[in-house]
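Listing of data_17.cif; format and content: mmCIF, C-alpha atoms and all ligand atoms.
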data_target
loop_
_atom_site.group_PDB
_atom_site.id
_atom_site.type_symbol
_atom_site.label_atom_id
_atom_site.label_comp_id
_atom_site.auth_asym_id
_atom_site.auth_seq_id
_atom_site.Cartn_x
_atom_site.Cartn_y
_atom_site.Cartn_z
ATOM 1 C CA MET A 1 -16.309 -108.482 124.685
ATOM 2 C CA GLN A 2 -18.054 -111.120 126.776
ATOM 3 C CA SER A 3 -21.716 -111.533 125.944
ATOM 4 C CA LEU A 4 -24.420 -111.334 128.594
ATOM 5 C CA ASP A 5 -26.023 -114.543 129.842
ATOM 6 C CA PHE A 6 -29.743 -113.912 130.204
ATOM 7 C CA SER A 7 -30.660 -117.403 131.383
ATOM 8 C CA ALA A 8 -30.193 -116.571 135.063
ATOM 9 C CA TYR A 9 -32.752 -113.744 135.056
ATOM 10 C CA ARG A 10 -36.478 -114.076 135.660
ATOM 11 C CA ASN A 11 -37.635 -110.518 135.084
ATOM 12 C CA ILE A 12 -35.670 -108.480 132.574
ATOM 13 C CA VAL A 13 -36.503 -104.816 132.104
ATOM 14 C CA VAL A 14 -34.965 -102.776 129.279
ATOM 15 C CA LEU A 15 -35.354 -99.008 129.042
ATOM 16 C CA THR A 16 -34.600 -97.404 125.691
ATOM 17 C CA GLY A 17 -34.159 -93.828 124.523
ATOM 18 C CA ALA A 18 -33.532 -91.899 121.325
ATOM 19 C CA GLY A 19 -30.021 -93.319 120.848
ATOM 20 C CA VAL A 20 -31.541 -96.675 119.898
ATOM 21 C CA SER A 21 -33.284 -95.107 116.892
ATOM 22 C CA ALA A 22 -30.353 -92.928 115.770
ATOM 23 C CA ALA A 23 -29.110 -95.557 113.302
ATOM 24 C CA SER A 24 -32.597 -95.583 111.756
ATOM 25 C CA GLY A 25 -32.135 -91.909 110.921
ATOM 26 C CA ILE A 26 -34.285 -90.562 113.737
ATOM 27 C CA GLN A 27 -32.707 -87.501 115.315
ATOM 28 C CA PRO A 28 -31.997 -87.771 119.075
ATOM 29 C CA PHE A 29 -32.824 -84.915 121.456
ATOM 30 C CA ARG A 30 -29.527 -84.440 123.266
ATOM 31 C CA GLY A 31 -25.897 -85.183 122.521
ATOM 32 C CA GLN A 32 -24.338 -84.631 119.125
ATOM 33 C CA GLY A 33 -26.839 -83.386 116.517
ATOM 34 C CA GLY A 34 -29.685 -83.441 119.045
ATOM 35 C CA LEU A 35 -33.006 -81.692 118.325
ATOM 36 C CA TRP A 36 -32.783 -79.707 121.580
ATOM 37 C CA LYS A 37 -29.301 -78.369 120.781
ATOM 38 C CA ASP A 38 -30.556 -74.990 119.565
ATOM 39 C CA ILE A 39 -34.097 -74.890 120.924
ATOM 40 C CA ASN A 40 -35.451 -75.045 124.453
ATOM 41 C CA PRO A 41 -37.839 -78.020 124.842
ATOM 42 C CA PHE A 42 -39.434 -76.484 127.935
ATOM 43 C CA VAL A 43 -40.582 -73.615 125.703
ATOM 44 C CA VAL A 44 -41.391 -75.269 122.348
ATOM 45 C CA ALA A 45 -42.643 -78.655 123.567
ATOM 46 C CA ASP A 46 -44.465 -77.615 126.704
ATOM 47 C CA VAL A 47 -48.106 -78.597 127.127
ATOM 48 C CA SER A 48 -49.061 -74.900 127.293
ATOM 49 C CA VAL A 49 -48.159 -74.554 123.571
ATOM 50 C CA LEU A 50 -51.279 -76.611 122.790
ATOM 51 C CA GLU A 51 -53.232 -73.518 123.844
ATOM 52 C CA THR A 52 -51.044 -70.818 122.332
ATOM 53 C CA ASN A 53 -49.770 -72.370 119.089
ATOM 54 C CA PRO A 54 -50.956 -75.969 118.584
ATOM 55 C CA LEU A 55 -49.823 -76.066 114.936
ATOM 56 C CA SER A 56 -46.216 -75.539 116.064
ATOM 57 C CA ILE A 57 -46.326 -78.878 117.942
ATOM 58 C CA TRP A 58 -47.380 -80.563 114.684
ATOM 59 C CA GLN A 59 -44.563 -78.770 112.879
ATOM 60 C CA LEU A 60 -42.034 -79.904 115.494
ATOM 61 C CA PHE A 61 -42.982 -83.587 115.765
ATOM 62 C CA GLY A 62 -45.437 -84.295 112.921
ATOM 63 C CA LYS A 63 -42.674 -84.479 110.322
ATOM 64 C CA LEU A 64 -41.410 -87.602 112.096
ATOM 65 C CA ARG A 65 -44.367 -89.374 110.479
ATOM 66 C CA THR A 66 -42.942 -88.664 107.038
ATOM 67 C CA GLN A 67 -39.492 -89.895 108.118
ATOM 68 C CA LEU A 68 -41.031 -93.046 109.551
ATOM 69 C CA GLU A 69 -42.516 -93.962 106.186
ATOM 70 C CA THR A 70 -39.026 -94.921 105.055
ATOM 71 C CA ALA A 71 -37.108 -95.446 108.328
ATOM 72 C CA GLN A 72 -36.439 -99.049 109.263
ATOM 73 C CA PRO A 73 -35.698 -100.702 112.611
ATOM 74 C CA ASN A 74 -31.925 -101.138 113.057
ATOM 75 C CA ALA A 75 -29.807 -103.877 114.631
ATOM 76 C CA ALA A 76 -30.468 -102.517 118.141
ATOM 77 C CA HIS A 77 -34.253 -102.811 117.753
ATOM 78 C CA LEU A 78 -33.898 -106.222 116.095
ATOM 79 C CA THR A 79 -31.596 -107.537 118.824
ATOM 80 C CA LEU A 80 -34.077 -106.604 121.540
ATOM 81 C CA ALA A 81 -36.932 -108.253 119.645
ATOM 82 C CA LYS A 82 -34.871 -111.402 119.185
ATOM 83 C CA LEU A 83 -33.953 -111.537 122.862
ATOM 84 C CA GLU A 84 -37.613 -111.338 123.871
ATOM 85 C CA ALA A 85 -38.529 -114.088 121.401
ATOM 86 C CA GLN A 86 -35.793 -116.408 122.646
ATOM 87 C CA LEU A 87 -36.398 -116.188 126.391
ATOM 88 C CA SER A 88 -38.068 -119.129 128.091
ATOM 89 C CA ALA A 89 -41.741 -119.059 129.071
ATOM 90 C CA SER A 90 -40.814 -118.540 132.731
ATOM 91 C CA GLN A 91 -38.840 -115.383 131.965
ATOM 92 C CA LYS A 92 -40.591 -112.039 131.828
ATOM 93 C CA PHE A 93 -39.348 -109.327 129.490
ATOM 94 C CA THR A 94 -40.518 -105.721 129.517
ATOM 95 C CA LEU A 95 -39.315 -103.100 127.088
ATOM 96 C CA ILE A 96 -39.981 -99.584 128.339
ATOM 97 C CA THR A 97 -39.302 -96.981 125.688
ATOM 98 C CA GLN A 98 -39.201 -93.212 125.772
ATOM 99 C CA ASN A 99 -39.252 -93.271 121.973
ATOM 100 C CA ILE A 100 -42.380 -92.233 120.112
ATOM 101 C CA ASP A 101 -41.447 -93.768 116.752
ATOM 102 C CA GLY A 102 -42.954 -97.274 117.117
ATOM 103 C CA LEU A 103 -39.785 -98.889 115.717
ATOM 104 C CA HIS A 104 -39.513 -101.462 118.529
ATOM 105 C CA GLN A 105 -42.908 -102.902 117.622
ATOM 106 C CA ARG A 106 -42.009 -102.857 113.935
ATOM 107 C CA ALA A 107 -38.877 -104.859 114.795
ATOM 108 C CA GLY A 108 -41.064 -107.459 116.498
ATOM 109 C CA SER A 109 -40.917 -106.505 120.179
ATOM 110 C CA LEU A 110 -44.153 -107.505 121.907
ATOM 111 C CA ASN A 111 -44.222 -106.334 125.500
ATOM 112 C CA VAL A 112 -43.512 -102.648 124.902
ATOM 113 C CA ILE A 113 -44.520 -99.826 127.216
ATOM 114 C CA GLU A 114 -44.518 -96.517 125.341
ATOM 115 C CA LEU A 115 -43.875 -94.014 128.080
ATOM 116 C CA HIS A 116 -44.174 -90.901 125.919
ATOM 117 C CA GLY A 117 -46.859 -92.086 123.501
ATOM 118 C CA ASN A 118 -46.607 -92.733 119.768
ATOM 119 C CA VAL A 119 -46.192 -90.039 117.131
ATOM 120 C CA ASN A 120 -48.120 -92.095 114.571
ATOM 121 C CA TYR A 121 -51.345 -91.648 116.528
ATOM 122 C CA THR A 122 -53.653 -88.633 116.671
ATOM 123 C CA ARG A 123 -56.140 -87.802 119.396
ATOM 124 C CA CYS A 124 -58.397 -84.953 120.431
ATOM 125 C CA SER A 125 -56.963 -82.268 122.693
ATOM 126 C CA ASN A 126 -60.305 -82.072 124.504
ATOM 127 C CA HIS A 127 -60.181 -84.530 127.444
ATOM 128 C CA THR A 128 -63.963 -84.910 127.499
ATOM 129 C CA CYS A 129 -64.257 -85.760 123.785
ATOM 130 C CA SER A 130 -65.090 -89.391 122.962
ATOM 131 C CA LEU A 131 -62.797 -89.602 119.905
ATOM 132 C CA THR A 132 -60.386 -92.502 120.369
ATOM 133 C CA SER A 133 -56.724 -92.218 119.430
ATOM 134 C CA TYR A 134 -56.213 -93.349 115.818
ATOM 135 C CA LEU A 135 -53.403 -94.200 113.430
ATOM 136 C CA ASP A 136 -52.869 -91.170 111.185
ATOM 137 C CA LYS A 137 -50.420 -90.954 108.293
ATOM 138 C CA TYR A 138 -50.714 -87.182 107.740
ATOM 139 C CA SER A 139 -48.098 -84.893 109.276
ATOM 140 C CA HIS A 140 -50.372 -81.784 109.342
ATOM 141 C CA GLN A 141 -47.609 -79.237 108.735
ATOM 142 C CA GLU A 142 -49.752 -76.517 107.126
ATOM 143 C CA LEU A 143 -53.177 -76.622 108.698
ATOM 144 C CA LEU A 144 -54.235 -77.414 112.242
ATOM 145 C CA PRO A 145 -56.459 -80.532 112.104
ATOM 146 C CA ILE A 146 -59.790 -80.207 113.898
ATOM 147 C CA CYS A 147 -61.813 -82.889 115.674
ATOM 148 C CA GLN A 148 -64.960 -83.783 113.761
ATOM 149 C CA LEU A 149 -66.785 -84.659 116.967
ATOM 150 C CA CYS A 150 -66.167 -81.552 119.068
ATOM 151 C CA ASN A 151 -64.304 -79.013 116.893
ATOM 152 C CA SER A 152 -61.300 -78.904 119.232
ATOM 153 C CA PRO A 153 -57.790 -79.053 117.754
ATOM 154 C CA LEU A 154 -56.447 -82.536 117.196
ATOM 155 C CA ARG A 155 -53.021 -83.326 118.641
ATOM 156 C CA LEU A 156 -50.309 -85.922 118.425
ATOM 157 C CA ASP A 157 -50.761 -88.749 120.920
ATOM 158 C CA ILE A 158 -47.461 -88.029 122.644
ATOM 159 C CA VAL A 159 -46.515 -86.767 126.102
ATOM 160 C CA LEU A 160 -45.366 -83.147 126.119
ATOM 161 C CA PHE A 161 -43.297 -81.440 128.796
ATOM 162 C CA GLY A 162 -45.508 -80.611 131.759
ATOM 163 C CA GLU A 163 -47.822 -83.555 131.042
ATOM 164 C CA GLN A 164 -48.198 -86.692 133.131
ATOM 165 C CA ILE A 165 -47.212 -90.131 131.901
ATOM 166 C CA PRO A 166 -50.514 -91.959 131.178
ATOM 167 C CA VAL A 167 -51.565 -93.831 134.312
ATOM 168 C CA LYS A 168 -51.691 -97.241 132.619
ATOM 169 C CA GLN A 169 -48.096 -96.932 131.422
ATOM 170 C CA GLU A 170 -47.000 -95.682 134.839
ATOM 171 C CA TRP A 171 -48.665 -98.629 136.540
ATOM 172 C CA LEU A 172 -47.157 -101.197 134.136
ATOM 173 C CA VAL A 173 -43.689 -99.740 134.673
ATOM 174 C CA LYS A 174 -44.040 -99.927 138.455
ATOM 175 C CA GLN A 175 -45.216 -103.514 138.193
ATOM 176 C CA SER A 176 -42.257 -104.536 136.012
ATOM 177 C CA LEU A 177 -39.696 -102.842 138.252
ATOM 178 C CA ARG A 178 -41.079 -104.358 141.444
ATOM 179 C CA ASP A 179 -39.404 -107.725 140.948
ATOM 180 C CA CYS A 180 -36.872 -106.879 138.259
ATOM 181 C CA ASP A 181 -33.549 -108.756 138.455
ATOM 182 C CA LEU A 182 -31.835 -107.326 135.350
ATOM 183 C CA PHE A 183 -32.237 -103.709 134.266
ATOM 184 C CA ILE A 184 -30.587 -102.383 131.104
ATOM 185 C CA ALA A 185 -30.873 -98.773 129.912
ATOM 186 C CA ILE A 186 -29.865 -98.162 126.296
ATOM 187 C CA GLY A 187 -29.374 -94.980 124.268
ATOM 188 C CA THR A 188 -30.750 -92.537 126.790
ATOM 189 C CA SER A 189 -29.209 -89.407 128.276
ATOM 190 C CA GLY A 190 -30.941 -90.249 131.563
ATOM 191 C CA THR A 191 -32.021 -86.662 132.040
ATOM 192 C CA VAL A 192 -35.784 -86.898 131.701
ATOM 193 C CA TRP A 193 -38.014 -88.034 134.537
ATOM 194 C CA PRO A 194 -39.588 -90.357 135.455
ATOM 195 C CA ALA A 195 -37.503 -92.717 133.267
ATOM 196 C CA ALA A 196 -34.226 -91.373 134.673
ATOM 197 C CA ASN A 197 -35.246 -92.752 138.048
ATOM 198 C CA PHE A 198 -36.222 -96.301 137.053
ATOM 199 C CA VAL A 199 -32.694 -97.604 137.641
ATOM 200 C CA ARG A 200 -32.972 -96.520 141.264
ATOM 201 C CA SER A 201 -36.032 -98.720 141.797
ATOM 202 C CA ALA A 202 -34.370 -101.618 139.979
ATOM 203 C CA HIS A 203 -31.251 -101.268 142.126
ATOM 204 C CA TYR A 204 -33.388 -101.100 145.262
ATOM 205 C CA VAL A 205 -34.932 -104.506 144.536
ATOM 206 C CA GLY A 206 -31.489 -106.005 143.913
ATOM 207 C CA ALA A 207 -31.351 -106.048 140.097
ATOM 208 C CA ARG A 208 -28.131 -106.076 138.129
ATOM 209 C CA THR A 209 -28.053 -102.681 136.404
ATOM 210 C CA ILE A 210 -26.348 -101.934 133.076
ATOM 211 C CA PHE A 211 -26.010 -98.718 131.050
ATOM 212 C CA ILE A 212 -25.314 -98.889 127.303
ATOM 213 C CA ASN A 213 -24.839 -95.580 125.496
ATOM 214 C CA LEU A 214 -22.654 -93.655 123.089
ATOM 215 C CA GLU A 215 -21.405 -91.390 125.853
ATOM 216 C CA PRO A 216 -21.253 -91.558 129.653
ATOM 217 C CA MET A 217 -24.247 -90.246 131.560
ATOM 218 C CA LYS A 218 -23.727 -86.727 132.840
ATOM 219 C CA PRO A 219 -23.870 -86.512 135.778
ATOM 220 C CA GLN A 220 -23.083 -90.145 136.389
ATOM 221 C CA ASN A 221 -25.919 -92.145 137.916
ATOM 222 C CA PRO A 222 -24.602 -94.156 140.901
ATOM 223 C CA TYR A 223 -27.303 -96.810 140.557
ATOM 224 C CA PHE A 224 -25.768 -98.226 137.360
ATOM 225 C CA GLN A 225 -23.242 -100.950 138.198
ATOM 226 C CA GLU A 226 -21.903 -101.518 134.676
ATOM 227 C CA GLU A 227 -21.425 -99.321 131.637
ATOM 228 C CA TYR A 228 -20.763 -100.136 127.964
ATOM 229 C CA LEU A 229 -19.955 -97.199 125.729
ATOM 230 C CA GLY A 230 -20.493 -97.284 121.964
ATOM 231 C CA LEU A 231 -23.176 -97.424 119.297
ATOM 232 C CA ALA A 232 -26.219 -99.399 120.408
ATOM 233 C CA GLU A 233 -26.621 -100.933 116.948
ATOM 234 C CA GLU A 234 -23.080 -102.325 117.197
ATOM 235 C CA LEU A 235 -22.877 -103.119 120.918
ATOM 236 C CA LEU A 236 -26.201 -104.898 121.305
ATOM 237 C CA PRO A 237 -25.600 -107.665 118.741
ATOM 238 C CA LEU A 238 -22.188 -108.284 120.357
ATOM 239 C CA LEU A 239 -23.356 -108.179 123.964
ATOM 240 C CA PHE A 240 -26.449 -110.254 123.256
ATOM 241 C CA ASN A 241 -24.508 -112.613 120.969
ATOM 242 C CA TYR A 242 -26.782 -112.203 117.947
ATOM 243 C CA GLU A 243 -25.537 -111.743 114.415
ATOM 244 C CA TYR A 244 -26.984 -109.445 111.742
HETATM 245 N N1 LIG B 301 -26.131 -95.662 120.198
HETATM 246 C C1 LIG B 301 -26.169 -95.433 121.536
HETATM 247 N N2 LIG B 301 -26.375 -94.235 122.076
HETATM 248 C C2 LIG B 301 -26.564 -93.208 121.229
HETATM 249 C C3 LIG B 301 -26.518 -93.355 119.826
HETATM 250 C C4 LIG B 301 -26.295 -94.655 119.307
HETATM 251 N N3 LIG B 301 -26.256 -94.907 117.992
HETATM 252 N N4 LIG B 301 -26.736 -92.139 119.272
HETATM 253 C C5 LIG B 301 -26.904 -91.271 120.279
HETATM 254 N N5 LIG B 301 -26.803 -91.910 121.464
HETATM 255 C C6 LIG B 301 -26.960 -91.385 122.817
HETATM 256 C C7 LIG B 301 -26.651 -89.903 122.951
HETATM 257 O O1 LIG B 301 -25.285 -89.737 123.187
HETATM 258 C C8 LIG B 301 -27.519 -89.521 124.158
HETATM 259 O O2 LIG B 301 -26.807 -89.682 125.372
HETATM 260 O O3 LIG B 301 -28.330 -91.509 123.152
HETATM 261 C C9 LIG B 301 -28.672 -90.534 124.115
HETATM 262 C C10 LIG B 301 -29.982 -89.937 123.685
HETATM 263 O O4 LIG B 301 -30.402 -89.038 124.674
HETATM 264 P P1 LIG B 301 -31.655 -88.095 124.426
HETATM 265 O O5 LIG B 301 -31.574 -87.501 123.076
HETATM 266 O O6 LIG B 301 -31.769 -87.192 125.593
HETATM 267 O O7 LIG B 301 -32.877 -89.124 124.364
HETATM 268 P P2 LIG B 301 -33.759 -89.689 125.548
HETATM 269 O O8 LIG B 301 -32.946 -90.011 126.739
HETATM 270 O O9 LIG B 301 -34.593 -90.746 124.940
HETATM 271 O O10 LIG B 301 -34.658 -88.432 125.867
HETATM 272 C C11 LIG B 301 -35.681 -88.559 126.790
HETATM 273 O O11 LIG B 301 -36.461 -86.375 126.262
HETATM 274 O O12 LIG B 301 -37.360 -84.531 125.114
HETATM 275 C C12 LIG B 301 -37.351 -85.811 125.359
HETATM 276 O O13 LIG B 301 -39.462 -86.732 125.271
HETATM 277 C C13 LIG B 301 -38.189 -86.791 124.699
HETATM 278 O O14 LIG B 301 -38.355 -89.140 125.110
HETATM 279 C C14 LIG B 301 -37.466 -88.065 125.046
HETATM 280 C C15 LIG B 301 -36.859 -87.734 126.406
#
Can the structure from this file be put into structure tokens for me?
Amino acid sequence: MQSLDFSAYRNIVVLTGAGVSAASGIQPFRGQGGLWKDINPFVVADVSVLETNPLSIWQLFGKLRTQLETAQPNAAHLTLAKLEAQLSASQKFTLITQNIDGLHQRAGSLNVIELHGNVNYTRCSNHTCSLTSYLDKYSHQELLPICQLCNSPLRLDIVLFGEQIPVKQEWLVKQSLRDCDLFIAIGTSGTVWPAANFVRSAHYVGARTIFINLEPMKPQNPYFQEEYLGLAEELLPLLFNYEY
């Protein structure tokens, strides 16, 4: 397999999804063994559940915190961090992730846009409360945690179905895609918006577009020009010519 030559690109944008963290033991959402195989995310992970059964959101995602105490970044995360570190000062690198596990940062990636938030952080569910989002090690599986400032339920700082992507993240993504010349999506089913549409913007501005995943995207997305099928943790070190 011929490795990719990154030297010709000025603005590289990488989009990652759950497949990148699979080798770290984090369960993906779709595909084989996916979390959404037997449950409907539009029912159990919809923003409306914060009103009807907020503890169930903690029970669904909070246990990830316990897993993350022992999970380690894998070769896919490490390869992306190494790429960013080795680019020249004139090259821009943006890593947009749909993952909420924080493993890219733990691997050393610096310019990371967390589109769907970070499961390690807790915030207040009351939009007018002044509590700032904080790092929280507890998974709150038994008892709904309550905000000490306003008595509202606390929630995970993640984006649920039916919620908007935070405006700052949305703006940073738009900025990175505006003059992107290489776009690579890795380990994502490409089914969840807005991320599923980023390749279209990248293609529109003339970027080379590459899809790396265990299985082909269904339905196929015509804006990807190249496809590499396999495990991200195996393909990335080969394609990026890094050894682990
Ligand atoms: N290497 C590469 N690809 C893999 C690997 C692996 N080791 N393991 C699984 N995959 C592929 C699966 O085949 C699947 O196509 O990764 C993809 C993961 O897709 P999803 O589980 O749908 O994850 P993602 O695209 O990140 O989901 C988007 O949906 O509900 C949500 O909010 C959640 O951020 C998530 C969003």
Query raised in the report: Selected by the PyMOL selection byres (((not hetatm)) within 8 of (chain B and resi 301)) in the shown coordinates: which residues, as number ranges by chain?
Result: A: 16-23, 27-32, 34-36, 41, 97-100, 115-116, 159-161, 186-192, 195, 212-217, 229-234
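Of the listed residues (A:Ile165, A:Gly25, A:Ala85, A:Ala45), A:Gly25 comes nearest to Asp101 of chain A; the distances count only C-alpha atoms.
Residues matched by the PyMOL selection byres (((chain A and resi 125) around 7) and not hetatm) in this file are Arg123, Cys124, Asn126, His127, Ser152, Pro153, Leu154 and Arg155 of chain A.
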**Report entry** Atomic distance atom CA of Ser88 of chain A - atom CA of Asp5 of chain A, expressed in Å with one decimal
**Finding:** 13.0 Å
Query - Result set, the PyMOL selection byres (((chain A and resi 4) around 12) and not hetatm) on current file, as a ChimeraX atom specification - result: /A:1-3,5-9,83,182,184,208,210,226,228,235-242
For segment 90-110 of chain A against segment 62-81 of chain A, with a cut-off of 6 Å and counting only C-alpha atoms, what is the closest atom pair and its distance in Å to one decimal for every residue that makes the cut, ordered by chain and number, as JSON lines?
{"residue": "A:Leu103", "atom": "CA", "partner": "A:Pro73", "partner_atom": "CA", "distance": 5.4}
{"residue": "A:His104", "atom": "CA", "partner": "A:His77", "partner_atom": "CA", "distance": 5.5}
{"residue": "A:Ala107", "atom": "CA", "partner": "A:Leu78", "partner_atom": "CA", "distance": 5.3}
{"residue": "A:Gly108", "atom": "CA", "partner": "A:Ala81", "partner_atom": "CA", "distance": 5.3}
{"residue": "A:Ser109", "atom": "CA", "partner": "A:Ala81", "partner_atom": "CA", "distance": 4.4}
